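What follows is a short report on a single structure.
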Amino acid sequence: MHWRDVSITNGPRPVSVPGQQALYGSTATRQIEQWAASTLPHHTLMSRAGLSVARLAQALQPHARCIWVACGPGNNGGDGLVAATHLHRGMQARGSKFHVVVTHLPNDGARLPADALDALQAARAAGVVFSEEPPAHFDLAIDALLGIGRIRPPQGRLALCLKVLRDSSSPVLCVDLPSGLDADTGTLTGEAGAARAGERHTLSLITLKPGLFTGTGRDAAGHVWLDDLGIAPPQSTPVSAWLGMQPTQATARLHASHKGSFGDVLVLGGQGIGVSGAGMTGAAVLAGRAALHGGAGRVFVGLLEDDAPHSTPWDPACPELMFRRPSLLLESDTLRNACVVCGCGGGTAVAALLPRVLSTARTLVLDADALNAIAADASLQTLLSLRRDRGRSTVLTPHPLEAARLLGSDTRQVMADRLKAAQTLADRFGACCVLKGSGSVVAAPGEVPIINASGNAALATAGTGDVLAGMIGSALAPLKLVDEQMQDRVASAVYQHGWLADHWHDTGHAGELSASRLAARVRPLAG
Ligand SMILES: NC(=O)C1=CN([C@@H]2O[C@H](COP(=O)(O)OP(=O)(O)OC[C@H]3O[C@@H](n4cnc5c(N)ncnc54)[C@H](OP(=O)(O)O)[C@@H]3O)[C@@H](O)[C@H]2O)[C@@H](O)CC1
Ligand SMILES: [K+]
């Protein structure tokens with residue numbers, strides 16, 4: 001894979017530039033921190049961390065009259081205490097109307113870590129005001145309660161402070177992590193920070209953590225900043241995940257191209273009204289349109305259980321789509337040579353097609369009802385697992401419930417560790433797995449997973465998943481040696497899907513985001 005290293009910058013910087021960034025979980029971050037601390041004079045890292053927090057706080061709220069700093073029992077609290085001391089000095093110089101209030105919550109019966117104790121003594125010596133309770137009003141809060149240390153369910157004053165932070169309509173700057181957020185999984189302990197009343201910022205220290213970008217992490221963290229504190233992780237430290245921020249570009253196609261240059265996509269899905277009375281034709285059409293706009297040379301659509309065998313289905317908004325009877329497609333070379341997108345609105349009818357599709361398709365994107373059918377049938381799971389050894393490539397695009405069915409678990413377990421769930425599916429089935437949701441995870445067998453950085457809640461509307469499946473289909477259609485490029489290519493499609501939502505209003509297009517409008521805006525990926 002080709003990921004650009006992040007250059008070391010001086011001070012906090014926003015995490016918003018295009019590129020790809022390494023994410024390190026709590027264990028890796030601790031290794032880096034301990035290695036760095038062993039090469040630097042005592043207290044250096046916390047001094048840098050606290051100064052960086054203070055600088056960002058000032059930049060975010062330069063006119064704040066009252067800054068509340070909530071400091072916990074560990075070194076995260078120490079960072080907060082150093083920041084409070086800097087801010088106190090700065091505000092003291094501006095007059096008596098400006099002040100910093102610290103609420104410090106030592107761990108009952110346990111000693112403060114040495115660095116945090118030094119920071120506490122320095123804050124007291126500097127005359128910082130301490131209060132048992134949060135102030136009634138503050139213009140900015142600094143959340144330095146809990147960082148990458150062990151998190152237990154909060155009680156008492158800790159729980160109260162977390163609630164005040166969670167409910168605050170004033171901006172909150174979280175030190176390293178929103179307190180209570182698991183750095184590795186993006187899950188929140190209890191109610192900590194679950195709601196976002198006001199502006200939220202998180203200054204991640206030394207490393208960016210996966211938990212900031214998936215699960216509840218994105219909502220809890222708000223705008224993410226990074227200060228590496230001048231530390232470059234040693235190359236021997238394993239990366240926990242990549243943050244996928246691939247720039248989206250239109251492809252410059254060779255002049256001497258023809259439709260065969262860009263591959264075929266075959267969509268199998270869209271069960272008709274039939275006996276079930278629930279027609280889902282639109283899902284397959286959306287996937288087909290997205291594949292077409294995504295640059296596939298030809299797109300075939302096979303609607304399942306077509307109710308009107310003597311009529312010819314077609315899509316007036318996209319007459320380029322070529323509708324074929326599934327029975328013909330299953331016997332044609334198209335099944336072997338195209339990238340097959342199977343399952344969008346497939347209903348129960350898709351199960352009957354799967355043995356042939358799983359055995360024959362060269363490149364296969366399995367979505368929605370195809371995934372449900374496979375989850376319910378061990379023989380289909382065996383066929384899926386055999387594909388990789390037979391030189392065939394597969395992408396699974398489950399949402400958390402579909403992932404849970406495939407794993408034989410439940411949604412809560414999937415959401416408790418999204419990276420692990422996606423990686424388990426990828427390894428178990430020898431497939432690339434896109435676990436959808438906030439911070440979609442793109443995992444591939446034996447590879448470091450990618451967390452997608454783009455997208456927003458506007459995508460939480462019917463049909464956008466079908467569009468994504470079609471986009472992935474067109475992204476993979478032209479490739480011959482897909483395995484080596486598959487994860488990057490899929491991640492690029494996932495990124496574009498979110499990017500389109502993030503930039504929805506940039507071009508002044510009328511109308512809110514809908515799946516059909518989204519499909520119409522898809523463009524071929526670069527390369
Ligand atoms: N060392 C350095 O040089 C640098 C460190 N840095 C900073 O340090 C942070 C990591 O520090 P950390 O390891 O001390 O962990 P942190 O999360 O602050 O505290 C854990 C404490 O919380 C306690 N606790 C947990 N839950 C609780 C509950 N419900 N109720 C009560 N207590 C509870 C828990 O108690 P325990 O469960 O162990 O009894 C433990 O005492 C990191 O995120 C970064 O900000 C950076 O500045 C770089 C330089
Ligand atoms: K924190």
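Within each chain, counting starts at residue 1; across the structure tokens, chains are named A, B, ... in the order shown, with ligands numbered 1 upward in that order.
These are the residues of stretch 270-394 of chain A assigned strand (DSSP E or B) by DSSP from backbone coordinates: Arg298, Val299, Phe300, Val301, Gly302, Leu303, Met322, Phe323, Cys339, Val340, Val341, Cys342, Thr363, Leu364, Val365, Leu366, Ser393 and Thr394 of chain A.
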Please report as a Markdown table every residue of chain A lying within 6 Å of ligand 1, along with the nearest atom pair and their distance in Å (one decimal), using only C-alpha atoms and all ligand atoms.
```
| residue | atom | partner | partner_atom_place_in_ligand_line | distance |
| --- | --- | --- | --- | --- |
| A:Leu45 | CA | ligand 1 | 49 (C) | 4.4 |
| A:Met46 | CA | ligand 1 | 47 (O) | 4.4 |
| A:Ala49 | CA | ligand 1 | 47 (O) | 4.9 |
| A:Pro73 | CA | ligand 1 | 21 (C) | 5.1 |
| A:Gly74 | CA | ligand 1 | 14 (O) | 3.4 |
| A:Asn75 | CA | ligand 1 | 11 (O) | 3.8 |
| A:Asn76 | CA | ligand 1 | 45 (O) | 3.5 |
| A:Gly77 | CA | ligand 1 | 18 (O) | 5.7 |
| A:Asp79 | CA | ligand 1 | 47 (O) | 5.3 |
| A:Asn107 | CA | ligand 1 | 32 (N) | 5.3 |
| A:Leu146 | CA | ligand 1 | 17 (O) | 3.9 |
| A:Gly147 | CA | ligand 1 | 43 (O) | 3.3 |
| A:Ile148 | CA | ligand 1 | 43 (O) | 4.1 |
| A:Gly149 | CA | ligand 1 | 15 (O) | 3.3 |
| A:Arg150 | CA | ligand 1 | 25 (C) | 5.3 |
| A:Ile151 | CA | ligand 1 | 26 (N) | 3.9 |
| A:Arg152 | CA | ligand 1 | 26 (N) | 3.9 |
| A:Pro153 | CA | ligand 1 | 29 (N) | 4.4 |
| A:Pro154 | CA | ligand 1 | 29 (N) | 3.4 |
| A:Gln155 | CA | ligand 1 | 29 (N) | 6.0 |
| A:Val175 | CA | ligand 1 | 45 (O) | 5.9 |
| A:Asp176 | CA | ligand 1 | 45 (O) | 5.0 |
```
If we count only C-alpha atoms and set the cut-off at 10 Å, which residues sit around A:Ala404, ignoring sequence neighbours fewer than 4 positions away in its own chain? Please answer as a PDB file with C-alpha atoms, in the first residue's frame.
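Just written: out.pdb:
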```
ATOM      1  CA  ASN A 372     -28.255 -12.344   4.938  1.00  0.00           C
ATOM      2  CA  ALA A 375     -25.336 -15.861   7.038  1.00  0.00           C
ATOM      3  CA  PRO A 398     -22.440  -5.287   5.680  1.00  0.00           C
ATOM      4  CA  HIS A 399     -24.028  -2.792   8.018  1.00  0.00           C
ATOM      5  CA  PRO A 400     -23.594  -3.754  11.699  1.00  0.00           C
ATOM      6  CA  GLY A 408     -23.194 -15.246  14.586  1.00  0.00           C
ATOM      7  CA  SER A 409     -23.130 -12.476  17.191  1.00  0.00           C
ATOM      8  CA  ASP A 410     -25.247  -9.387  17.807  1.00  0.00           C
ATOM      9  CA  THR A 411     -25.072  -5.736  16.856  1.00  0.00           C
ATOM     10  CA  ARG A 412     -23.869  -4.689  20.311  1.00  0.00           C
ATOM     11  CA  GLN A 413     -20.836  -6.972  20.016  1.00  0.00           C
ATOM     12  CA  VAL A 414     -20.058  -5.687  16.534  1.00  0.00           C
ATOM     13  CA  MET A 415     -20.277  -2.077  17.683  1.00  0.00           C
ATOM     14  CA  ALA A 421     -15.559  -7.312  13.619  1.00  0.00           C
ATOM     15  CA  LEU A 425     -15.079 -11.158   8.631  1.00  0.00           C
TER      16      LEU A 425
END
```
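Nearest residue to A:Pro135, choosing from A:Trp35, A:Trp225, A:Trp68, A:Tyr495 and counting only C-alpha atoms: A:Trp68.
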* Any idea what's packed within 6 Å of A:Ala290, counting only C-alpha atoms, ignoring anything in its chain fewer than 4 positions away? Could you give it as a ChimeraX atom specification? -> /A:294,467,470-471,519
One decimal place gives the atom CA of A:Val265-atom CA of A:Cys433 separation as 19.1 Å
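Atom pair atom CA of A:Leu353 / atom CA of A:Leu328 has a distance of 12.0 Å (rounded to one decimal).
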Requested in this report: Can you check which residues of stretch 77-207 of chain A DSSP gives as helix (DSSP H, G or I) on the backbone and send them as a PyMOL selection string?
Outcome: chain A and resi 77-92+114-126+156-167
Which polymer residues have any atom within 8 Å of an atom of A:Asp227, counting only C-alpha atoms, with same-chain residues fewer than 4 positions away left out, as a compact mmCIF listing (two decimals) with N, CA and C atoms, in the first residue's frame?
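Output contents, as saved in result_11.txt:
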```txt
# COMPACT_ATOMS: atom_id res chain seq x y z
N THR A 9 4.70 18.39 12.69
CA THR A 9 4.47 19.83 12.69
C THR A 9 4.66 20.36 14.09
N ASN A 10 4.77 21.66 14.16
CA ASN A 10 5.00 22.30 15.43
C ASN A 10 3.68 22.81 15.97
N GLY A 11 3.15 22.17 17.00
CA GLY A 11 1.91 22.61 17.61
C GLY A 11 0.70 21.91 17.04
N PRO A 12 -0.47 22.24 17.60
CA PRO A 12 -1.68 21.55 17.15
C PRO A 12 -2.02 21.86 15.71
N ARG A 13 -2.50 20.89 15.00
CA ARG A 13 -2.95 21.14 13.64
C ARG A 13 -4.21 20.32 13.39
N ALA A 49 2.60 18.77 26.14
CA ALA A 49 1.16 18.50 25.97
C ALA A 49 0.34 19.63 26.57
N SER A 52 0.52 22.81 24.55
CA SER A 52 -0.23 22.68 23.31
C SER A 52 -1.73 22.84 23.56
N LEU A 203 -7.90 17.44 21.01
CA LEU A 203 -6.49 17.54 20.65
C LEU A 203 -5.84 16.21 20.99
N SER A 204 -5.59 15.40 19.97
CA SER A 204 -4.97 14.10 20.17
C SER A 204 -3.46 14.31 20.32
N LEU A 205 -2.87 13.60 21.28
CA LEU A 205 -1.47 13.84 21.60
C LEU A 205 -0.59 12.68 21.14
N ILE A 206 0.53 13.01 20.58
CA ILE A 206 1.54 12.08 20.07
C ILE A 206 1.01 11.29 18.87
N THR A 207 -0.13 10.63 19.01
CA THR A 207 -0.69 9.83 17.90
C THR A 207 -2.16 10.15 17.73
```
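Take the candidates A:Val128, A:Ile142, A:Val340, A:Ala123 and check each one against A:Val69 using only C-alpha atoms; the shortest distance goes to A:Ile142.
In this comparison, which uses only C-alpha atoms and all ligand atoms, the residue of A:Val239, A:Leu303, A:Val53, A:Ala462 approaching ligand 2 most closely is A:Val53.
When only C-alpha atoms are used to measure the gap to A:Ala59, the shortest distance among A:Gly430, A:Leu173, A:Asp184, A:Ser26 belongs to A:Leu173.
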Atom pair atom CA of A:Leu40 + atom CA of A:Cys71, distance 24.4 Å
>> as a PyMOL selection string, please: the residues near stretch 85-100 of chain A (cut-off 12 Å, only C-alpha atoms, same-chain neighbours under 6 positions excluded).
In response: chain A and resi 47-59+61-70+78-79+118-131+134-135+137-142
Produce a file of the selected residues containing C-alpha atoms, as a PDB file, in the first residue's frame.
```pdb
ATOM      1  CA  SER A  47       4.997  20.123  29.515  1.00  0.00           C
ATOM      2  CA  ARG A  48       4.637  20.030  25.738  1.00  0.00           C
ATOM      3  CA  ALA A  49       1.164  18.499  25.967  1.00  0.00           C
ATOM      4  CA  GLY A  50      -0.112  21.064  28.459  1.00  0.00           C
ATOM      5  CA  LEU A  51       1.342  23.984  26.485  1.00  0.00           C
ATOM      6  CA  SER A  52      -0.235  22.685  23.307  1.00  0.00           C
ATOM      7  CA  VAL A  53      -3.634  22.356  24.987  1.00  0.00           C
ATOM      8  CA  ALA A  54      -3.350  25.913  26.321  1.00  0.00           C
ATOM      9  CA  ARG A  55      -2.404  27.280  22.902  1.00  0.00           C
ATOM     10  CA  LEU A  56      -5.306  25.578  21.199  1.00  0.00           C
ATOM     11  CA  ALA A  57      -7.711  26.698  23.947  1.00  0.00           C
ATOM     12  CA  GLN A  58      -6.626  30.285  23.436  1.00  0.00           C
ATOM     13  CA  ALA A  59      -6.982  30.016  19.691  1.00  0.00           C
ATOM     14  CA  GLN A  61     -11.822  30.994  22.552  1.00  0.00           C
ATOM     15  CA  PRO A  62      -9.514  34.027  22.599  1.00  0.00           C
ATOM     16  CA  HIS A  63     -12.051  36.157  24.473  1.00  0.00           C
ATOM     17  CA  ALA A  64     -13.040  33.590  27.094  1.00  0.00           C
ATOM     18  CA  ARG A  65     -13.569  35.103  30.530  1.00  0.00           C
ATOM     19  CA  CYS A  66     -13.888  31.819  32.365  1.00  0.00           C
ATOM     20  CA  ILE A  67     -12.218  28.577  31.373  1.00  0.00           C
ATOM     21  CA  TRP A  68     -13.108  25.471  33.352  1.00  0.00           C
ATOM     22  CA  VAL A  69     -10.480  22.730  33.396  1.00  0.00           C
ATOM     23  CA  ALA A  70     -11.728  19.339  34.585  1.00  0.00           C
ATOM     24  CA  GLY A  78      -1.721  16.282  34.510  1.00  0.00           C
ATOM     25  CA  ASP A  79      -1.894  17.660  30.978  1.00  0.00           C
ATOM     26  CA  ASP A 118       4.435  17.886  39.715  1.00  0.00           C
ATOM     27  CA  ALA A 119       1.815  19.577  37.553  1.00  0.00           C
ATOM     28  CA  LEU A 120      -0.585  19.863  40.496  1.00  0.00           C
ATOM     29  CA  GLN A 121       2.067  21.443  42.698  1.00  0.00           C
ATOM     30  CA  ALA A 122       3.045  23.872  39.948  1.00  0.00           C
ATOM     31  CA  ALA A 123      -0.589  24.877  39.424  1.00  0.00           C
ATOM     32  CA  ARG A 124      -1.096  25.500  43.133  1.00  0.00           C
ATOM     33  CA  ALA A 125       2.144  27.478  43.329  1.00  0.00           C
ATOM     34  CA  ALA A 126       1.036  29.635  40.405  1.00  0.00           C
ATOM     35  CA  GLY A 127      -2.187  30.527  42.234  1.00  0.00           C
ATOM     36  CA  VAL A 128      -4.644  28.623  39.985  1.00  0.00           C
ATOM     37  CA  VAL A 129      -8.142  28.585  41.533  1.00  0.00           C
ATOM     38  CA  PHE A 130      -9.451  25.118  42.461  1.00  0.00           C
ATOM     39  CA  SER A 131     -13.106  24.324  42.971  1.00  0.00           C
ATOM     40  CA  PRO A 134     -17.817  23.102  38.015  1.00  0.00           C
ATOM     41  CA  PRO A 135     -18.411  26.865  37.736  1.00  0.00           C
ATOM     42  CA  HIS A 137     -20.898  29.470  33.702  1.00  0.00           C
ATOM     43  CA  PHE A 138     -17.801  28.977  31.562  1.00  0.00           C
ATOM     44  CA  ASP A 139     -16.915  30.027  28.016  1.00  0.00           C
ATOM     45  CA  LEU A 140     -14.718  27.010  27.354  1.00  0.00           C
ATOM     46  CA  ALA A 141     -14.264  23.700  29.148  1.00  0.00           C
ATOM     47  CA  ILE A 142     -11.146  21.589  28.946  1.00  0.00           C
TER      48      ILE A 142
END
```
